[in-house]
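Chemist: What follows is my_file30.csv, made up of CSV, C-alpha atoms and all ligand atoms:
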chain,number,residue,atom,x,y,z
Q,470,MET,CA,7.6,-22.8,7.9
Q,471,GLY,CA,9.7,-20.0,6.5
Q,472,GLU,CA,9.0,-16.3,6.5
Q,473,ILE,CA,6.3,-14.7,4.5
Q,474,ILE,CA,7.9,-12.4,1.9
Q,475,VAL,CA,5.8,-10.1,-0.2
Q,476,VAL,CA,7.5,-9.0,-3.4
Q,477,LYS,CA,6.2,-6.2,-5.6
Q,478,ILE,CA,7.4,-5.9,-9.2
Q,479,GLY,CA,6.7,-2.7,-11.1
Q,480,SER,CA,5.8,-2.3,-14.7
Q,481,SER,CA,9.1,-0.7,-15.4
Q,482,SER,CA,10.9,-4.0,-14.4
Q,483,LEU,CA,8.7,-6.3,-16.6
Q,484,THR,CA,8.0,-4.5,-19.8
Q,485,SER,CA,9.7,-2.4,-22.5
Q,486,GLU,CA,8.9,1.3,-23.1
Q,487,ALA,CA,7.4,0.3,-26.4
Q,488,GLY,CA,4.9,-2.1,-24.6
Q,489,GLY,CA,4.7,-5.8,-24.3
Q,490,LEU,CA,6.2,-8.2,-21.8
Q,491,ASN,CA,9.9,-8.7,-21.4
Q,492,ARG,CA,9.9,-12.5,-21.2
Q,493,SER,CA,13.5,-12.8,-20.0
Q,494,ARG,CA,12.8,-10.4,-17.1
Q,495,ILE,CA,9.8,-12.6,-16.1
Q,496,ALA,CA,12.0,-15.7,-16.3
Q,497,TYR,CA,14.6,-14.0,-14.2
Q,498,PHE,CA,12.1,-13.0,-11.4
Q,499,ALA,CA,10.5,-16.4,-11.5
Q,500,ASN,CA,13.9,-18.0,-10.9
Q,501,GLU,CA,14.8,-15.6,-8.1
Q,502,LEU,CA,11.4,-16.2,-6.4
Q,503,ALA,CA,11.8,-20.0,-6.9
Q,504,VAL,CA,15.1,-19.8,-5.0
Q,505,LEU,CA,13.3,-18.2,-2.0
Q,506,HIS,CA,10.4,-20.6,-2.3
Q,507,HIS,CA,12.6,-23.7,-2.3
Q,508,ALA,CA,14.6,-22.3,0.6
Q,509,GLY,CA,11.3,-22.6,2.5
Q,510,HIS,CA,10.0,-19.1,2.4
Q,511,ARG,CA,6.4,-18.3,1.7
Q,512,VAL,CA,6.3,-16.0,-1.3
Q,513,VAL,CA,3.5,-13.6,-2.3
Q,514,LEU,CA,3.9,-11.7,-5.5
Q,515,VAL,CA,2.3,-8.4,-6.3
Q,516,THR,CA,2.8,-7.5,-9.9
Q,517,SER,CA,2.0,-4.6,-12.2
Q,518,GLY,CA,2.4,-4.7,-15.9
Q,519,ALA,CA,-1.1,-5.6,-17.2
Q,520,VAL,CA,-1.6,-2.2,-18.9
Q,521,ALA,CA,1.9,-2.2,-20.3
Q,522,ALA,CA,1.6,-5.8,-21.5
Q,523,GLY,CA,-1.7,-5.3,-23.2
Q,524,PHE,CA,-1.8,-1.9,-24.9
Q,525,ARG,CA,0.1,-2.9,-28.1
Q,526,GLN,CA,-2.2,-5.9,-28.7
Q,527,ILE,CA,-5.2,-3.6,-28.8
Q,528,GLY,CA,-3.4,-1.4,-31.3
Q,529,TYR,CA,-2.6,1.7,-29.1
Q,530,ALA,CA,0.7,3.2,-30.1
Q,531,SER,CA,1.8,4.1,-26.6
Q,532,ARG,CA,0.6,3.5,-23.0
Q,533,PRO,CA,-3.0,4.8,-23.0
Q,534,LYS,CA,-3.9,7.9,-21.0
Q,535,GLN,CA,-7.7,7.5,-20.8
Q,536,VAL,CA,-9.0,5.4,-17.9
Q,537,HIS,CA,-11.3,3.2,-20.1
Q,538,GLU,CA,-8.4,2.5,-22.5
Q,539,LYS,CA,-6.1,1.6,-19.6
Q,540,GLN,CA,-8.8,-0.7,-18.3
Q,541,ALA,CA,-9.2,-2.4,-21.7
Q,542,ALA,CA,-5.4,-2.7,-22.0
Q,543,ALA,CA,-5.2,-4.2,-18.5
Q,544,ALA,CA,-7.9,-6.8,-19.3
Q,545,VAL,CA,-5.9,-8.0,-22.3
Q,546,GLY,CA,-2.5,-7.7,-20.5
Q,547,GLN,CA,-3.5,-9.4,-17.3
Q,548,ALA,CA,-4.1,-12.7,-19.1
Q,549,LEU,CA,-0.8,-12.4,-20.9
Q,550,LEU,CA,0.9,-11.5,-17.6
Q,551,MET,CA,-0.5,-14.5,-15.8
Q,552,GLN,CA,0.3,-16.9,-18.7
Q,553,ALA,CA,3.9,-15.7,-18.7
Q,554,TYR,CA,4.3,-16.2,-15.0
Q,555,GLN,CA,2.6,-19.5,-15.0
Q,556,GLU,CA,5.0,-20.8,-17.7
Q,557,ALA,CA,8.0,-19.3,-16.0
Q,558,PHE,CA,7.2,-20.8,-12.6
Q,559,ALA,CA,6.4,-24.1,-14.1
Q,560,GLU,CA,10.1,-24.4,-15.0
Q,561,SER,CA,10.7,-24.6,-11.2
Q,562,ARG,CA,7.7,-26.8,-10.6
Q,563,ILE,CA,5.8,-24.1,-8.8
Q,564,GLY,CA,2.1,-23.5,-9.2
Q,565,VAL,CA,0.7,-20.0,-9.2
Q,566,ALA,CA,-2.7,-18.5,-8.5
Q,567,GLN,CA,-4.3,-15.2,-9.6
Q,568,ILE,CA,-5.8,-12.8,-7.1
Q,569,LEU,CA,-7.3,-9.4,-8.2
Q,570,LEU,CA,-8.1,-6.9,-5.5
Q,571,THR,CA,-9.4,-3.4,-5.3
Q,572,ARG,CA,-8.9,-0.8,-2.6
Q,573,ALA,CA,-12.6,-1.1,-1.8
Q,574,ASP,CA,-12.0,-4.8,-0.9
Q,575,PHE,CA,-9.6,-3.6,1.8
Q,576,SER,CA,-12.2,-1.2,3.3
Q,577,ASN,CA,-14.7,-4.0,3.7
Q,578,ARG,CA,-13.6,-6.2,6.7
Q,579,ARG,CA,-15.6,-9.3,5.6
Q,580,ARG,CA,-14.2,-9.2,2.0
Q,581,ILE,CA,-10.7,-8.7,3.2
Q,582,GLN,CA,-10.9,-11.5,5.8
Q,583,ASN,CA,-12.1,-13.7,2.9
Q,584,ALA,CA,-9.2,-12.6,0.8
Q,585,LEU,CA,-6.9,-13.4,3.7
Q,586,ARG,CA,-8.4,-16.9,4.1
Q,587,THR,CA,-7.8,-17.6,0.4
Q,588,LEU,CA,-4.2,-16.3,0.6
Q,589,ASP,CA,-3.5,-18.4,3.7
Q,590,GLU,CA,-4.8,-21.5,2.0
Q,591,LEU,CA,-2.7,-20.9,-1.2
Q,592,ILE,CA,0.4,-20.2,0.9
Q,593,PHE,CA,-0.2,-23.3,3.0
Q,594,GLN,CA,-0.6,-25.4,-0.2
Q,595,ARG,CA,2.8,-24.0,-1.4
Q,596,MET,CA,1.4,-22.1,-4.3
Q,597,ILE,CA,2.6,-18.6,-5.2
Q,598,PRO,CA,-0.4,-16.1,-5.1
Q,599,ILE,CA,0.1,-13.4,-7.8
Q,600,ILE,CA,-1.8,-10.3,-7.0
Q,601,ASN,CA,-2.7,-7.3,-9.1
Q,602,GLU,CA,-5.3,-4.6,-8.9
Q,603,ASN,CA,-8.6,-5.5,-10.5
Q,604,ASP,CA,-8.3,-2.7,-13.0
Q,605,THR,CA,-11.7,-3.3,-14.7
Q,606,VAL,CA,-13.4,-1.9,-11.6
Q,607,ALA,CA,-10.6,-0.1,-9.7
Q,608,THR,CA,-10.6,3.1,-11.7
Q,609,ASP,CA,-9.1,5.2,-8.9
Q,610,GLU,CA,-6.1,3.0,-8.8
Q,611,LEU,CA,-5.6,3.3,-12.5
Q,612,LYS,CA,-5.9,7.1,-12.4
Q,613,PHE,CA,-3.6,7.5,-9.5
Q,614,GLY,CA,-2.0,4.2,-10.2
Q,615,ASP,CA,0.0,2.4,-7.7
Q,616,ASN,CA,0.4,-1.2,-6.9
Q,617,ASP,CA,3.0,0.0,-4.3
Q,618,THR,CA,0.2,0.8,-1.8
Q,619,LEU,CA,-1.5,-2.5,-2.7
Q,620,SER,CA,1.7,-4.4,-1.9
Q,621,ALA,CA,2.0,-2.7,1.5
Q,622,LEU,CA,-1.6,-3.4,2.4
Q,623,VAL,CA,-1.1,-7.1,1.4
Q,624,ALA,CA,2.2,-7.3,3.4
Q,625,ASN,CA,0.3,-6.0,6.5
Q,626,LEU,CA,-2.6,-8.3,5.9
Q,627,VAL,CA,-0.5,-11.5,5.7
Q,628,LYS,CA,1.9,-10.2,8.4
Q,629,ALA,CA,4.9,-10.5,6.1
Q,630,LYS,CA,8.4,-10.6,7.5
Q,631,HIS,CA,9.7,-8.5,4.5
Q,632,LEU,CA,8.2,-6.3,1.8
Q,633,LEU,CA,10.4,-6.0,-1.2
Q,634,ILE,CA,9.4,-3.3,-3.7
Q,635,LEU,CA,11.4,-3.9,-6.9
Q,636,THR,CA,11.8,-1.2,-9.5
Q,637,ASP,CA,14.2,0.1,-12.1
Q,638,THR,CA,16.2,2.1,-9.7
Q,639,ASP,CA,18.5,0.8,-6.9
Q,640,GLY,CA,16.8,2.6,-4.1
Q,641,LEU,CA,15.9,6.1,-2.9
Q,642,TYR,CA,18.3,8.8,-3.9
Q,643,THR,CA,18.8,12.3,-2.6
Q,644,GLU,CA,17.3,13.4,-6.0
Q,645,ASP,CA,15.7,11.6,-8.9
Q,646,PRO,CA,18.9,9.9,-10.3
Q,647,ARG,CA,17.5,10.2,-13.9
Q,648,LYS,CA,17.7,13.9,-13.5
Q,649,ASN,CA,20.8,14.2,-11.5
Q,650,PRO,CA,23.4,11.5,-11.9
Q,651,LEU,CA,25.3,12.9,-8.9
Q,652,ALA,CA,22.5,12.0,-6.5
Q,653,ILE,CA,23.5,9.8,-3.6
Q,654,ARG,CA,21.6,6.6,-2.5
Q,655,ILE,CA,20.1,6.6,0.9
Q,656,GLU,CA,20.9,3.2,2.5
Q,657,ARG,CA,18.6,3.2,5.5
Q,658,VAL,CA,15.5,5.1,6.6
Q,659,ASP,CA,14.0,4.7,10.0
Q,660,GLN,CA,11.4,7.4,9.8
Q,661,ILE,CA,9.7,8.9,6.8
Q,662,SER,CA,10.3,12.6,7.4
Q,663,GLU,CA,9.0,15.5,5.3
Q,664,GLU,CA,12.5,15.6,3.8
Q,665,ILE,CA,12.3,12.0,2.6
Q,666,GLU,CA,8.8,12.8,1.1
Q,667,ARG,CA,10.2,15.8,-0.7
Q,668,ILE,CA,13.1,14.0,-2.3
Q,669,ALA,CA,10.8,11.2,-3.5
Q,670,GLY,CA,9.3,13.7,-5.9
Q,671,GLY,CA,6.6,13.0,-8.4
Q,672,ALA,CA,5.6,10.1,-10.7
Q,673,GLY,CA,8.2,8.0,-12.4
Q,674,SER,CA,9.0,6.2,-15.7
Q,675,SER,CA,6.8,6.3,-18.8
Q,676,VAL,CA,5.6,2.7,-18.2
Q,677,GLY,CA,5.2,2.9,-14.5
Q,678,THR,CA,2.8,5.2,-12.7
Q,679,GLY,CA,3.5,5.6,-9.0
Q,680,GLY,CA,7.1,6.8,-9.1
Q,681,MET,CA,9.2,7.0,-5.9
Q,682,ARG,CA,6.6,8.9,-4.0
Q,683,SER,CA,4.0,6.1,-4.0
Q,684,LYS,CA,6.8,3.7,-3.0
Q,685,ILE,CA,7.6,5.8,0.1
Q,686,GLU,CA,3.9,5.9,0.9
Q,687,ALA,CA,3.9,2.1,0.7
Q,688,ALA,CA,7.0,1.9,2.9
Q,689,ARG,CA,5.2,4.1,5.5
Q,690,ILE,CA,2.1,1.8,5.5
Q,691,ALA,CA,4.3,-1.3,5.9
Q,692,MET,CA,6.4,0.3,8.6
Q,693,ARG,CA,3.3,1.2,10.5
Q,694,GLY,CA,2.1,-2.3,10.3
Q,695,GLY,CA,5.4,-3.6,11.6
Q,696,VAL,CA,6.7,-4.9,8.2
Q,697,PRO,CA,10.2,-3.7,7.2
Q,698,ALA,CA,10.4,-2.6,3.5
Q,699,PHE,CA,13.1,-2.6,0.9
Q,700,ILE,CA,12.9,-0.5,-2.3
Q,701,GLY,CA,15.4,-1.4,-4.9
Q,702,ARG,CA,16.5,-3.3,-8.0
Q,703,ALA,CA,17.0,-6.9,-8.7
Q,704,ASN,CA,18.7,-7.7,-12.0
Q,705,GLU,CA,21.4,-10.4,-11.3
Q,706,PRO,CA,21.1,-13.9,-9.9
Q,707,GLY,CA,21.0,-13.8,-6.2
Q,708,ASP,CA,19.8,-10.2,-5.9
Q,709,LEU,CA,16.5,-11.2,-4.3
Q,710,THR,CA,18.1,-13.5,-1.7
Q,711,ALA,CA,20.5,-10.6,-1.0
Q,712,ALA,CA,17.6,-8.2,-0.5
Q,713,VAL,CA,16.0,-10.6,2.0
Q,714,ALA,CA,19.4,-10.9,3.8
Q,715,GLY,CA,19.7,-7.2,4.2
Q,716,ILE,CA,22.5,-6.6,1.6
Q,717,GLY,CA,20.4,-5.8,-1.4
Q,718,LYS,CA,20.8,-3.0,-4.0
Q,719,GLY,CA,18.4,-0.5,-2.5
Q,720,THR,CA,17.1,1.3,0.5
Q,721,TYR,CA,15.9,-0.3,3.7
Q,722,PHE,CA,13.0,1.1,5.7
Q,723,ASP,CA,13.2,-0.2,9.2
Q,724,THR,CA,10.4,-0.6,11.6
Q,725,SER,CA,10.6,-0.2,15.3
Q,726,LEU,CA,8.2,-3.1,15.3
Q,727,HIS,CA,5.2,-1.4,16.8
Q,728,ASN,CA,3.1,-4.1,15.4
Q,729,LEU,CA,-0.4,-2.8,15.2
Q,730,PRO,CA,-3.4,-5.0,16.0
Q,731,MET,CA,-5.5,-6.0,13.0
Q,732,LYS,CA,-8.4,-3.7,14.0
Q,733,LYS,CA,-6.1,-0.7,14.1
Q,734,GLN,CA,-4.5,-1.5,10.8
Q,735,TRP,CA,-7.9,-1.7,9.3
Q,736,VAL,CA,-8.9,1.7,10.8
Q,737,GLY,CA,-5.7,3.3,9.7
Q,738,PHE,CA,-5.0,2.0,6.3
Q,739,HIS,CA,-7.9,0.0,4.8
Q,740,SER,CA,-11.1,1.7,5.8
Q,741,LEU,CA,-12.7,4.5,3.8
Q,742,PRO,CA,-13.4,7.4,6.2
Q,743,GLN,CA,-17.0,8.6,6.0
Q,744,GLY,CA,-16.5,12.1,7.5
Q,745,LYS,CA,-14.2,14.5,9.3
Q,746,ILE,CA,-14.1,15.8,12.9
Q,747,THR,CA,-12.2,18.9,13.7
Q,748,VAL,CA,-10.9,19.1,17.3
Q,749,ASP,CA,-9.4,21.8,19.5
Q,750,GLU,CA,-5.9,21.9,20.9
Q,751,GLY,CA,-6.8,20.2,24.1
Q,752,ALA,CA,-8.4,17.2,22.4
Q,753,GLU,CA,-5.4,17.0,19.9
Q,754,ALA,CA,-3.0,16.8,22.8
Q,755,ALA,CA,-5.2,14.2,24.6
Q,756,LEU,CA,-5.2,12.0,21.5
Q,757,LEU,CA,-1.6,12.5,20.4
Q,758,SER,CA,0.3,12.5,23.6
Q,759,GLY,CA,-2.2,11.9,26.4
Q,760,GLY,CA,-3.2,8.4,25.3
Q,761,LYS,CA,-6.8,9.4,25.8
Q,762,SER,CA,-10.1,9.0,24.0
Q,763,LEU,CA,-11.9,11.8,22.1
Q,764,LEU,CA,-14.8,13.3,24.1
Q,765,PRO,CA,-17.4,15.7,22.7
Q,766,ALA,CA,-16.0,18.6,24.7
Q,767,GLY,CA,-13.0,19.0,22.4
Q,768,ILE,CA,-14.9,18.9,19.1
Q,769,LYS,CA,-15.2,22.1,17.0
Q,770,ALA,CA,-16.8,21.0,13.8
Q,771,ILE,CA,-17.9,18.0,11.7
Q,772,GLU,CA,-18.3,17.1,8.1
Q,773,GLY,CA,-20.1,14.1,6.4
Q,774,ASP,CA,-23.0,11.9,7.3
Q,775,PHE,CA,-21.4,9.2,9.4
Q,776,HIS,CA,-23.0,6.5,11.6
Q,777,PRO,CA,-21.9,4.7,14.7
Q,778,GLY,CA,-19.2,2.2,13.7
Q,779,ASP,CA,-18.0,4.3,10.7
Q,780,VAL,CA,-14.4,5.5,10.5
Q,781,VAL,CA,-13.8,9.3,10.4
Q,782,GLU,CA,-10.7,11.4,10.0
Q,783,VAL,CA,-9.7,13.7,12.8
Q,784,ILE,CA,-8.3,17.1,11.8
Q,785,ASN,CA,-6.6,19.7,14.1
Q,786,LYS,CA,-7.3,23.4,14.2
Q,787,ASN,CA,-4.7,24.0,11.5
Q,788,GLY,CA,-6.5,21.7,9.1
Q,789,GLN,CA,-3.9,18.9,9.4
Q,790,LYS,CA,-5.0,15.3,9.5
Q,791,ILE,CA,-3.9,13.8,12.9
Q,792,GLY,CA,-5.5,10.4,12.8
Q,793,ARG,CA,-8.5,8.2,12.3
Q,794,GLY,CA,-10.9,6.4,14.5
Q,795,VAL,CA,-14.2,4.5,14.8
Q,796,VAL,CA,-17.0,6.8,15.9
Q,797,ASN,CA,-19.6,5.8,18.5
Q,798,TYR,CA,-22.0,8.6,17.5
Q,799,ALA,CA,-24.0,9.5,14.4
Q,800,ALA,CA,-23.0,12.8,12.7
Q,801,TRP,CA,-26.2,14.5,14.0
Q,802,GLN,CA,-25.5,13.4,17.6
Q,803,VAL,CA,-21.9,14.8,17.5
Q,804,GLN,CA,-23.4,18.0,16.0
Q,805,ALA,CA,-25.8,18.2,18.9
Q,806,VAL,CA,-23.2,17.8,21.7
Q,807,ALA,CA,-20.0,19.3,20.2
Q,808,GLY,CA,-18.2,21.3,22.9
Q,809,LEU,CA,-20.4,20.1,25.7
Q,810,SER,CA,-19.3,18.6,29.0
Q,811,THR,CA,-19.8,14.8,29.6
Q,812,ASN,CA,-22.7,15.4,32.0
Q,813,GLU,CA,-24.5,17.6,29.5
Q,814,VAL,CA,-23.9,15.1,26.7
Q,815,LYS,CA,-25.6,12.3,28.8
Q,816,ARG,CA,-28.7,14.5,29.1
Q,817,ARG,CA,-29.0,15.2,25.4
Q,818,VAL,CA,-28.2,12.0,23.5
Q,819,GLU,CA,-28.3,8.3,24.0
Q,820,VAL,CA,-25.1,6.6,22.8
Q,821,ALA,CA,-23.5,3.2,23.5
Q,822,ARG,CA,-20.3,4.8,24.7
Q,823,ILE,CA,-19.6,8.3,25.9
Q,824,GLU,CA,-16.3,8.6,24.0
Q,825,VAL,CA,-16.9,9.9,20.4
Q,826,ILE,CA,-13.8,7.8,19.5
Q,827,HIS,CA,-12.4,5.4,22.0
Q,828,ARG,CA,-8.6,5.1,22.4
Q,829,ASP,CA,-8.7,1.4,21.4
Q,830,GLU,CA,-10.2,2.3,18.0
Q,831,TRP,CA,-8.0,5.3,17.3
Q,832,ILE,CA,-4.8,5.5,15.2
Q,833,THR,CA,-2.5,8.5,15.0
Q,834,LEU,CA,-1.5,9.3,11.5
Q,835,LYS,CA,0.4,12.6,12.0
Q,836,SER,CA,4.0,12.2,10.8
Q,901,LIG,N1,14.6,10.4,-5.2
Q,901,LIG,C1,14.4,9.5,-6.1
Q,901,LIG,N2,15.2,8.3,-6.0
Q,901,LIG,C2,15.1,7.3,-6.8
Q,901,LIG,N3,14.2,7.3,-7.9
Q,901,LIG,C3,13.4,8.4,-8.0
Q,901,LIG,C4,13.5,9.5,-7.1
Q,901,LIG,N4,12.5,10.4,-7.5
Q,901,LIG,C5,11.9,9.9,-8.6
Q,901,LIG,N5,12.4,8.7,-8.9
Q,901,LIG,C6,11.9,7.9,-10.1
Q,901,LIG,O1,11.0,6.8,-9.7
Q,901,LIG,C7,11.1,5.8,-10.8
Q,901,LIG,C8,10.5,4.5,-10.3
Q,901,LIG,O2,9.1,4.6,-10.3
Q,901,LIG,P1,8.1,3.9,-11.4
Q,901,LIG,O3,8.5,4.3,-12.7
Q,901,LIG,O4,6.7,4.2,-11.0
Q,901,LIG,O5,8.5,2.4,-11.2
Q,901,LIG,P2,7.6,1.0,-11.1
Q,901,LIG,O6,7.0,0.8,-12.4
Q,901,LIG,O7,8.7,0.1,-10.7
Q,901,LIG,O8,6.6,1.2,-10.0
Q,901,LIG,C9,12.6,5.8,-11.0
Q,901,LIG,O9,12.9,5.3,-12.3
Q,901,LIG,C10,13.1,7.2,-10.8
Q,901,LIG,O10,13.2,7.9,-12.1
Q,902,LIG,N1,-2.6,-2.6,-12.3
Q,902,LIG,C1,-1.8,-1.8,-13.2
Q,902,LIG,C2,-0.7,-1.1,-12.3
Q,902,LIG,C3,-0.3,0.2,-12.8
Q,902,LIG,C4,1.2,0.5,-12.7
Q,902,LIG,O1,1.8,0.8,-13.7
Q,902,LIG,O2,1.8,0.4,-11.5
Q,902,LIG,P1,3.4,0.5,-11.2
Q,902,LIG,O3,4.2,0.0,-12.3
Q,902,LIG,O4,3.5,-0.4,-10.0
Q,902,LIG,O5,3.7,2.0,-10.8
Q,902,LIG,C5,-1.2,-2.7,-14.2
Q,902,LIG,O6,-1.0,-3.9,-13.9
Q,902,LIG,O7,-0.8,-2.2,-15.3
Translate this file's structure into structure tokens.
Ligand SMILES: Nc1ncnc2c1ncn2[C@@H]1O[C@H](COP(=O)(O)OP(=O)(O)O)[C@@H](O)[C@H]1O
Ligand SMILES: N[C@@H](CCC(=O)OP(=O)(O)O)C(=O)O
Modeler:
Amino acid sequence: MGEIIVVKIGSSSLTSEAGGLNRSRIAYFANELAVLHHAGHRVVLVTSGAVAAGFRQIGYASRPKQVHEKQAAAAVGQALLMQAYQEAFAESRIGVAQILLTRADFSNRRRIQNALRTLDELIFQRMIPIINENDTVATDELKFGDNDTLSALVANLVKAKHLLILTDTDGLYTEDPRKNPLAIRIERVDQISEEIERIAGGAGSSVGTGGMRSKIEAARIAMRGGVPAFIGRANEPGDLTAAVAGIGKGTYFDTSLHNLPMKKQWVGFHSLPQGKITVDEGAEAALLSGGKSLLPAGIKAIEGDFHPGDVVEVINKNGQKIGRGVVNYAAWQVQAVAGLSTNEVKRRVEVARIEVIHRDEWITLKS
């Protein structure tokens, strides 16, 4: 079977500023995706546009700002969005399926494994799964809004060969091209440096929410998971096939293919940390460059009421996040033995493993 390709389409590509779906854009994307599908690829679509599609029907004059209004607009718009896709894909004799996910679903291993099983079966049956955030319950996503992150998490989950993030701009520019027409497009990025983050700036168009910043964040998550990403535009026949072939109108984010095992992906990107552990310089070096586990001796402080098996963030002495890991201790146990030698620890607490975070359950997140 062909490669799995996750395509994310932003609100700005599907709707007009005044609200409502742009049917000809939907027909265009359905055709482009149908070409990939009929070429044997396995396509998963992540789409925004529910709020933008629905707000006018409710009677709001412009895209609502309040979360409960956005939720209501999304509830109306999601049905319109699916109906439009279903009709457009039917032209190419392709069936579609709706999947609504929240960030919390990703942080629960059982729920996300279930979602994966559903996705696998739909893909196997040659349907196109169409995913959006479950906006009725996912208020955080509506507030900070980005289906970009969702698409990267999905791409990692299904082990996609490509993640294509489609937007109204043909890639990442040295500055926001709307503000500076002389900005230059960056063709290829192999590491997301602070400079890249800086030029990605803030939020984007009036109908979209995430802007370039959330797309860069998404590219980072995908790259970490071993999925190369593309951020760009598709507006002419053949553009999507060109994007898959590496000659699209946009920016490519390469991956050195350090494919992370599923467990580490979950620790790093899907789990919700339950606390924080601050470590000293020695422990930081052991974790970041020594390939070692975290022992109580290097711990300076803790925050939160975590339990064995929970994920915590690890912070260095400058307050920077350096990674995440699964703890083998409860918070009170770490508190009791922080800074102590291994022999002393064994005398004071009873734990399944002496490492507070074992190497195999650790992921470095410092860029
Ligand atoms: N450095 C940059 N390069 C390209 N686009 C940028 C940059 N900084 C900000 N942007 C803005 O990000 C917008 C795309 O984000 P957004 O409106 O959220 O799209 P979508 O709805 O597709 O998710 C572009 O229209 C552009 O104005
Ligand atoms: N779930 C929301 C997504 C919000 C949104 O606008 O996202 P995006 O256009 O990807 O920046 C919707 O469908 O309207």
Chemist: Select, from Q:Thr516, Q:Ser531, Q:Ser493, Q:Asn616, the residue with the minimum atom-to-atom distance to Glu556 (chain Q), counting all atoms listed in the file.
Modeler: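 Ranking Q:Thr516, Q:Ser531, Q:Ser493, Q:Asn616 by distance to Glu556 (chain Q), first place goes to Q:Ser493.
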Chemist: At what distance in Å, to one decimal, does CA of Arg793 (chain Q) lie from CA of Leu834 (chain Q)?
Modeler: 7.1 Å
Chemist: Of the residues Q:Asn649, Q:Gln743, Q:Asn500, Q:Ser480, which is the one nearest to Gly518 (chain Q), using all atoms listed in the file?
Modeler: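 Result for the nearest residue to Gly518 (chain Q): Q:Ser480.
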Chemist: Looking at only C-alpha atoms and all ligand atoms, which of Q:Ser762, Q:Asn785, Q:Gln594, Q:Asn601 is the one that sits closest to ligand LIG 902 (chain Q)?
Modeler: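 Selected residue with least distance to ligand LIG 902 (chain Q): Q:Asn601.
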Chemist: Could you check how far CA of Gln734 (chain Q) sits from CA of Gly640 (chain Q), in Å to one decimal?
Modeler: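 Pair CA of Gln734 (chain Q) / CA of Gly640 (chain Q) returns 26.3 Å.
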Chemist: May I ask for the distance between CA of Lys761 (chain Q) and CA of Trp735 (chain Q), given in Å to one decimal place?
Modeler: 19.9 Å
Chemist: Tell me, as a PyMOL selection string, which residues lie within 12 Å of region 757-759 of chain Q, counting only C-alpha atoms; anything in the same chain fewer than 3 positions away does not count.
Modeler: chain Q and resi 748+750-754+762-763+783-785+790-793+828+831-836
Chemist: Which is closer to Gly701 (chain Q) than all the others in Q:Ser683, Q:Thr636, Q:Asn577, Q:Thr571, using all atoms listed in the file?
Modeler: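 Selected residue with least distance to Gly701 (chain Q): Q:Thr636.
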Chemist: Can you pull out every residue with an atom within 9 Å of ligand LIG 901 (chain Q)? Use all atoms listed in the file and format it as JSON, numbers by chain.
Modeler: {"Q": [477, 478, 479, 480, 481, 482, 483, 517, 518, 614, 615, 616, 617, 634, 635, 636, 637, 638, 639, 640, 641, 642, 643, 644, 645, 646, 647, 648, 652, 653, 654, 655, 665, 666, 667, 668, 669, 670, 671, 672, 673, 674, 675, 676, 677, 678, 679, 680, 681, 682, 683, 684, 701, 702]}
Chemist: Out of Q:Val713, Q:Val536, Q:Val818, Q:Ala541, which residue has the shortest atom-to-atom distance to Ala508 (chain Q) when counting only C-alpha atoms?
Modeler: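 Under the stated criterion, the closest residue is Q:Val713.
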Chemist: If you count only C-alpha atoms, which residues fall within 8 Å of Ala687 (chain Q), apart from same-chain ones fewer than 6 positions away, as a list in words?
Modeler: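 In the requested format, the answer is Asp617, Thr618, Leu619, Ser620, Ala621 and Leu622 of chain Q.
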Chemist: Which is closer to ligand LIG 902 (chain Q) than all the others in Q:Lys539, Q:Arg689, Q:Arg817, Q:Lys745, using all atoms listed in the file?
Modeler: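 When distances to ligand LIG 902 (chain Q) are compared using all atoms listed in the file, the smallest one comes from Q:Lys539.
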Chemist: Find the spatial neighbours of region 776-778 of chain Q, counting only C-alpha atoms, within a cut-off of 6 Å - ignore same-chain residues fewer than 6 positions away - and output them as number ranges by chain.
Modeler: Q: 795-799
Chemist: Just the selected residues (C-alpha atoms), exported as a tab-separated table (two decimals), keeping the file's coordinate frame, please.
Modeler:
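Contents of the output file out.tsv:
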chain	number	residue	atom	x	y	z
Q	795	VAL	CA	-14.20	4.50	14.80
Q	796	VAL	CA	-17.00	6.80	15.90
Q	797	ASN	CA	-19.60	5.80	18.50
Q	798	TYR	CA	-22.00	8.60	17.50
Q	799	ALA	CA	-24.00	9.50	14.40
Chemist: Excluding region 581-589 of chain Q and any residue of its chain fewer than 5 positions from it, enumerate the residues within 7 Å of it, using all atoms listed in the file, and give them as number ranges by chain.
Modeler: Q: 574-575, 598, 627
Chemist: Write out as a short mmCIF file (atom, residue, chain, number, x, y, z; two decimals) with C-alpha atoms, in the coordinates of the input which residues come within 8 Å of Gln660 (chain Q) when counting all atoms listed in the file, dropping same-chain ones fewer than 2 positions away.
Modeler:
data_model
loop_
_atom_site.label_atom_id
_atom_site.label_comp_id
_atom_site.auth_asym_id
_atom_site.auth_seq_id
_atom_site.Cartn_x
_atom_site.Cartn_y
_atom_site.Cartn_z
CA VAL Q 658 15.50 5.10 6.60
CA SER Q 662 10.30 12.60 7.40
CA PHE Q 722 13.00 1.10 5.70
CA ASP Q 723 13.20 -0.20 9.20
#
